[in-house]
file my_file.tsv (TSV, C-alpha atoms)
chain	number	residue	atom	x	y	z
V	1	LEU	CA	-19.13	37.52	1.09
V	2	ASP	CA	-22.61	38.05	2.42
V	3	PRO	CA	-22.37	37.99	6.25
V	4	LYS	CA	-26.03	36.95	6.39
V	5	LYS	CA	-25.22	33.62	4.76
V	6	LYS	CA	-24.66	30.79	7.21
V	7	PHE	CA	-22.18	29.19	4.87
V	8	LEU	CA	-20.99	29.55	1.31
V	9	VAL	CA	-20.46	26.54	-0.95
V	10	LEU	CA	-17.62	27.05	-3.42
V	11	PRO	CA	-17.64	24.23	-6.01
V	12	VAL	CA	-14.32	23.09	-7.43
V	13	PHE	CA	-14.35	21.23	-10.73
V	14	TRP	CA	-11.61	19.64	-12.79
V	15	ALA	CA	-11.49	18.96	-16.50
V	16	ALA	CA	-12.45	15.49	-17.68
V	17	GLY	CA	-10.02	13.53	-19.78
V	18	TRP	CA	-10.86	12.93	-23.42
V	19	LYS	CA	-9.17	9.59	-23.94
V	20	ASP	CA	-12.27	7.48	-23.57
V	21	LEU	CA	-14.48	9.37	-21.09
V	22	MET	CA	-14.52	6.35	-18.82
V	23	TYR	CA	-13.98	5.93	-15.09
V	24	ARG	CA	-10.47	4.61	-15.71
V	25	ASP	CA	-9.60	7.73	-17.70
V	26	GLU	CA	-10.80	9.96	-14.88
V	27	ARG	CA	-8.87	8.05	-12.24
V	28	ARG	CA	-5.62	7.63	-14.15
V	29	VAL	CA	-5.42	10.95	-15.98
V	30	ALA	CA	-7.80	13.70	-14.88
V	31	ALA	CA	-7.75	13.15	-11.10
V	32	PRO	CA	-3.95	13.11	-10.74
V	33	GLU	CA	-3.67	16.36	-12.69
V	34	ALA	CA	-6.41	17.90	-10.55
V	35	GLY	CA	-4.53	16.77	-7.44
V	36	LYS	CA	-1.55	18.80	-8.55
V	37	ASP	CA	-3.69	21.84	-9.30
V	38	PHE	CA	-5.39	21.61	-5.89
V	39	ARG	CA	-2.30	23.33	-4.59
V	40	VAL	CA	-3.64	26.63	-5.93
V	41	LEU	CA	-6.79	26.36	-3.78
V	42	TYR	CA	-4.71	25.34	-0.76
V	43	ASN	CA	-2.38	28.33	-1.15
V	44	THR	CA	-5.34	30.69	-1.50
V	45	MET	CA	-6.89	29.39	1.71
V	46	ALA	CA	-3.63	29.21	3.62
V	47	TYR	CA	-2.13	32.54	2.61
V	48	ALA	CA	-4.40	34.90	0.64
V	49	LEU	CA	-7.33	34.29	3.02
V	50	LYS	CA	-5.22	33.64	6.10
V	51	ASP	CA	-6.68	36.54	8.08
V	52	SER	CA	-10.26	36.12	6.86
V	53	THR	CA	-12.92	35.68	9.52
V	54	VAL	CA	-14.90	33.39	7.21
V	55	LYS	CA	-14.68	29.77	8.31
V	56	LYS	CA	-13.67	27.50	5.48
V	57	SER	CA	-14.56	23.81	5.32
V	58	LEU	CA	-13.98	21.37	2.50
V	59	LEU	CA	-16.50	18.98	0.96
V	60	CYS	CA	-15.25	16.33	-1.43
V	61	HIS	CA	-17.56	13.97	-3.28
V	62	SER	CA	-16.68	10.63	-4.83
V	63	MET	CA	-13.45	10.89	-6.83
V	64	GLY	CA	-12.96	14.39	-5.45
V	65	ASN	CA	-11.66	12.59	-2.38
V	66	PHE	CA	-9.10	10.84	-4.57
V	67	VAL	CA	-8.02	14.27	-5.78
V	68	LEU	CA	-7.73	15.38	-2.16
V	69	ARG	CA	-5.67	12.32	-1.30
V	70	ILE	CA	-3.30	12.83	-4.24
V	71	PHE	CA	-2.76	16.44	-3.20
V	72	ALA	CA	-2.23	15.64	0.47
V	73	GLN	CA	0.10	12.71	-0.07
V	74	GLY	CA	2.21	14.54	-2.62
V	75	HIS	CA	3.21	17.46	-0.41
V	76	ASP	CA	5.72	17.05	2.40
V	77	ASP	CA	4.62	20.22	4.17
V	78	LEU	CA	1.46	18.40	5.29
V	79	ASN	CA	3.30	15.80	7.33
V	80	GLY	CA	2.57	17.52	10.64
V	81	ASP	CA	6.21	18.34	11.30
V	82	THR	CA	6.02	21.92	10.08
V	83	LYS	CA	4.46	25.07	11.49
V	84	ASN	CA	1.77	25.20	8.82
V	85	PRO	CA	-1.61	25.35	10.61
V	86	PRO	CA	-4.64	23.39	9.33
V	87	VAL	CA	-6.40	25.28	6.55
V	88	PHE	CA	-9.95	23.94	6.79
V	89	GLU	CA	-12.34	23.90	9.74
V	90	ASP	CA	-13.81	20.53	8.81
V	91	ILE	CA	-13.39	18.15	5.90
V	92	PHE	CA	-16.44	16.24	4.67
V	93	MET	CA	-15.55	13.15	2.63
V	94	VAL	CA	-18.84	12.14	1.01
V	95	ALA	CA	-19.19	8.83	-0.87
V	96	ALA	CA	-15.43	8.81	-0.96
V	97	ASP	CA	-13.73	6.93	-3.79
V	98	VAL	CA	-10.60	6.12	-1.76
V	99	ARG	CA	-9.47	2.89	-0.13
V	100	TRP	CA	-11.45	1.72	2.91
V	101	ASP	CA	-8.43	1.57	5.25
V	102	LEU	CA	-7.06	5.04	4.49
V	103	PHE	CA	-7.29	6.03	8.17
V	104	ASN	CA	-6.42	2.65	9.66
V	105	GLU	CA	-3.40	2.18	11.89
V	106	GLU	CA	-1.71	-0.33	9.61
V	107	PHE	CA	-1.95	1.84	6.51
V	108	ASN	CA	-0.48	4.85	8.33
V	109	GLN	CA	2.71	3.20	9.52
V	110	GLY	CA	4.86	3.53	6.45
V	111	HIS	CA	2.81	1.07	4.39
V	112	THR	CA	3.19	1.47	0.64
V	113	GLU	CA	0.03	0.82	-1.31
V	114	GLU	CA	-0.03	-1.83	-3.97
V	115	VAL	CA	-1.57	-0.54	-7.18
V	116	ASP	CA	-2.80	-2.30	-10.26
V	117	PRO	CA	-0.35	-2.74	-13.18
V	118	ASN	CA	-2.20	-0.24	-15.36
V	119	GLU	CA	-1.71	2.52	-12.81
V	120	LYS	CA	1.99	1.67	-12.58
V	121	LYS	CA	2.21	1.97	-16.35
V	122	GLU	CA	0.70	5.44	-16.06
V	123	ASN	CA	3.52	6.34	-13.63
V	124	LEU	CA	1.18	7.57	-10.92
V	125	ARG	CA	3.78	8.08	-8.21
V	126	HIS	CA	1.10	9.17	-5.75
V	127	SER	CA	-0.22	5.62	-5.67
V	128	GLY	CA	2.83	4.50	-3.75
V	129	TYR	CA	2.85	7.27	-1.16
V	130	THR	CA	2.43	6.33	2.48
V	131	ASP	CA	0.60	7.83	5.44
V	132	GLY	CA	-2.18	9.40	3.38
V	133	GLY	CA	-4.59	9.43	6.29
V	134	HIS	CA	-2.29	11.49	8.47
V	135	LYS	CA	-1.80	14.14	5.83
V	136	ILE	CA	-5.51	14.56	5.17
V	137	VAL	CA	-6.22	14.81	8.91
V	138	ASN	CA	-3.56	17.52	9.19
V	139	LEU	CA	-5.61	19.70	6.84
V	140	ALA	CA	-8.55	19.95	9.28
V	141	LYS	CA	-8.74	22.08	12.40
V	142	ASN	CA	-11.68	20.16	13.78
V	143	LYS	CA	-12.67	16.84	12.26
V	144	VAL	CA	-12.64	14.74	9.13
V	145	HIS	CA	-16.18	13.48	8.51
V	146	VAL	CA	-16.53	10.25	6.52
V	147	LEU	CA	-20.08	10.15	5.15
V	148	TYR	CA	-20.83	6.71	3.77
V	149	ASN	CA	-23.71	4.62	2.44
V	150	THR	CA	-23.59	0.82	2.40
V	151	GLY	CA	-26.13	0.88	-0.43
V	152	ASP	CA	-23.91	2.90	-2.75
V	153	LYS	CA	-24.12	1.00	-6.04
V	154	ALA	CA	-21.68	3.29	-7.86
V	155	LEU	CA	-18.93	2.46	-5.39
V	156	LEU	CA	-19.85	-1.21	-5.67
V	157	ALA	CA	-19.22	-0.93	-9.41
V	158	ARG	CA	-15.94	0.82	-8.63
V	159	GLN	CA	-15.02	-2.11	-6.43
V	160	VAL	CA	-15.60	-4.55	-9.28
V	161	TRP	CA	-13.51	-2.36	-11.61
V	162	HIS	CA	-10.58	-2.41	-9.19
V	163	ALA	CA	-10.87	-6.15	-8.69
V	164	LYS	CA	-10.54	-6.73	-12.43
V	165	GLY	CA	-7.43	-4.55	-12.41
V	166	GLY	CA	-5.83	-6.66	-9.69
V	167	SER	CA	-6.40	-4.31	-6.76
V	168	LYS	CA	-9.14	-5.73	-4.56
V	169	VAL	CA	-9.66	-2.72	-2.33
V	170	SER	CA	-13.11	-1.48	-1.33
V	171	ALA	CA	-14.00	2.21	-1.03
V	172	ILE	CA	-14.48	3.86	2.36
V	173	GLY	CA	-17.54	5.65	1.00
V	174	ARG	CA	-19.33	2.28	1.03
V	175	CYS	CA	-17.31	0.10	3.42
V	176	ALA	CA	-16.42	2.49	6.24
V	177	GLY	CA	-18.09	0.09	8.66
V	178	TYR	CA	-15.10	-2.21	8.34
V	179	ALA	CA	-12.67	0.60	9.19
V	180	MET	CA	-14.25	2.10	12.29
V	181	ASP	CA	-12.66	-0.30	14.76
V	182	LYS	CA	-9.22	-0.09	13.13
V	183	LEU	CA	-8.54	3.64	13.20
V	184	HIS	CA	-5.06	4.87	13.95
V	185	PRO	CA	-4.95	5.96	17.65
V	186	ASP	CA	-3.99	9.48	16.57
V	187	PHE	CA	-7.32	9.82	14.78
V	188	LYS	CA	-9.56	9.10	17.76
V	189	ASN	CA	-12.26	11.79	17.90
V	190	LYS	CA	-10.62	13.38	14.86
V	191	VAL	CA	-11.95	11.09	12.12
V	192	VAL	CA	-15.67	10.47	12.58
V	193	PHE	CA	-18.26	8.50	10.62
V	194	HIS	CA	-21.83	9.15	9.54
V	195	HIS	CA	-23.97	6.49	7.88
V	196	CYS	CA	-26.09	8.28	5.29
V	197	ASN	CA	-28.54	5.70	3.97
V	198	TYR	CA	-31.41	7.83	5.30
V	199	MET	CA	-30.34	10.73	3.07
V	200	THR	CA	-31.10	9.00	-0.21
V	201	SER	CA	-33.77	6.63	-1.46
V	202	PHE	CA	-32.97	6.64	-5.17
V	203	TYR	CA	-30.60	4.58	-7.29
V	204	PRO	CA	-27.61	4.33	-7.14
V	205	GLY	CA	-27.36	5.96	-3.70
V	206	HIS	CA	-24.17	7.81	-4.53
V	207	SER	CA	-24.92	11.49	-5.17
V	208	TYR	CA	-26.60	12.43	-1.90
V	209	TYR	CA	-24.16	15.23	-1.11
V	210	PRO	CA	-26.53	18.07	-2.20
V	211	MET	CA	-29.61	16.67	-0.44
V	212	LYS	CA	-31.33	18.79	2.20
V	213	LEU	CA	-30.42	16.36	4.96
V	214	ALA	CA	-26.79	16.45	3.87
V	215	MET	CA	-26.79	20.25	3.95
V	216	GLN	CA	-28.16	20.13	7.47
V	217	TYR	CA	-25.31	17.88	8.47
V	218	TYR	CA	-22.65	20.19	7.02
V	219	GLU	CA	-24.13	23.13	8.89
V	220	ASN	CA	-24.45	21.30	12.21
V	221	PRO	CA	-22.33	18.14	12.00
V	222	ASN	CA	-23.35	15.51	14.50
V	223	PRO	CA	-21.87	12.16	13.42
V	224	ASN	CA	-23.95	9.12	14.29
V	225	ASN	CA	-20.90	6.81	14.12
V	226	GLU	CA	-23.20	3.97	13.14
V	227	LYS	CA	-21.26	0.88	12.15
V	228	GLU	CA	-22.90	-0.76	9.15
V	229	GLU	CA	-21.01	-3.32	7.09
V	230	ALA	CA	-21.71	-3.50	3.38
V	231	TRP	CA	-22.17	-6.81	1.61
V	232	ILE	CA	-19.37	-7.81	-0.77
V	233	PHE	CA	-16.21	-6.47	0.80
V	234	PHE	CA	-12.66	-6.75	-0.52
V	235	LYS	CA	-9.66	-5.94	1.63
call {"tool": "encode", "arguments": {"input": "my_file.tsv", "output": "structure tokens"}}
result
Amino acid sequence: LDPKKKFLVLPVFWAAGWKDLMYRDERRVAAPEAGKDFRVLYNTMAYALKDSTVKKSLLCHSMGNFVLRIFAQGHDDLNGDTKNPPVFEDIFMVAADVRWDLFNEEFNQGHTEEVDPNEKKENLRHSGYTDGGHKIVNLAKNKVHVLYNTGDKALLARQVWHAKGGSKVSAIGRCAGYAMDKLHPDFKNKVVFHHCNYMTSFYPGHSYYPMKLAMQYYENPNPNNEKEEAWIFFK
């Protein structure tokens, strides 16, 4: 690693499914498999690079946050009851395609998520796991940053897709404003929010993660914690 670099971005990709190359294929097939494989990256960070002086943070965009959630919820050693230290300095959840109440008190008290019938048919056991917020928080030494944009049209389309499948749950990457006052007490000053509408001015307002202003935030995170509520919201 070049010590002159302020930070190094290491992209992590997963293979797309070939069933129909649609959003549903990605969510029901590719993302769950990627969630399982994420264990390799976690082990590398936790063990192979354990003594490295390089600070390691994680940035997940869109469905990458769903991959993160599947990984975190599917591994019992992230429940906070073990001696495993947090692996990442900070976690940046950008335009996150995960449910809006993932870090809310109610959802992190043994609540089992209801999933649409199609996901049940695909036997996605991760969809019924509880306490997902806690396990993601336990991966970060410092904070979990939720970067959201109320004008995110891609996540609005995602919301419509879920509604048709019987699961009327909005994404936190668009509707974080509804979650800010309902955080679990354990997450106070640990899960923070940053409204990012100023980072993007082009349609659909979803892929702002590589923008210059976003990069500045990753380097020197200073959450504005602005509470903005998106129009059309499903609980």
call {"tool": "closest_residue", "arguments": {"input": "my_file.tsv", "among": "V:Leu183, V:Val160, V:Val67, V:Val146", "to": "Asp101 of chain V", "atoms": "all atoms listed in the file"}}
result
V:Leu183
call {"tool": "atom_distance", "arguments": {"input": "my_file.tsv", "atom1": "atom CA of His194 of chain V", "atom2": "atom CA of Lys135 of chain V"}}
result
21.0 Å
call {"tool": "atom_distance", "arguments": {"input": "my_file.tsv", "atom1": "atom CA of Asn225 of chain V", "atom2": "atom CA of Gly177 of chain V"}}
result
9.1 Å
call {"tool": "closest_residue", "arguments": {"input": "my_file.tsv", "among": "V:Asn104, V:Asn65, V:Asn197, V:Gln159", "to": "Ala179 of chain V", "atoms": "all atoms listed in the file"}}
result
V:Asn104
call {"tool": "atom_distance", "arguments": {"input": "my_file.tsv", "atom1": "atom CA of Lys235 of chain V", "atom2": "atom CA of Ile70 of chain V"}}
result
20.7 Å
call {"tool": "residues_near_point", "arguments": {"input": "my_file.tsv", "point": "(-13.2, 22.9, 15.7)", "cutoff": "10 Å", "atoms": "only C-alpha atoms", "output": "list in words"}}
result
Phe88, Glu89, Asp90, Ala140, Lys141, Asn142, Lys143 and Lys190 of chain V
call {"tool": "residues_around", "arguments": {"input": "my_file.tsv", "residues": "segment 214-217 of chain V", "least_positions_apart": "6", "cutoff": "9 Å", "atoms": "all atoms listed in the file", "output": "MDAnalysis selection string"}}
result
chainID V and resid 196 199 208 223
call {"tool": "write_last_selection", "arguments": {"input": "my_file.tsv", "atoms": "C-alpha atoms", "output": "tab-separated table (two decimals), keeping the file's coordinate frame"}}
result
chain	number	residue	atom	x	y	z
V	196	CYS	CA	-26.09	8.28	5.29
V	199	MET	CA	-30.34	10.73	3.07
V	208	TYR	CA	-26.60	12.43	-1.90
V	223	PRO	CA	-21.87	12.16	13.42
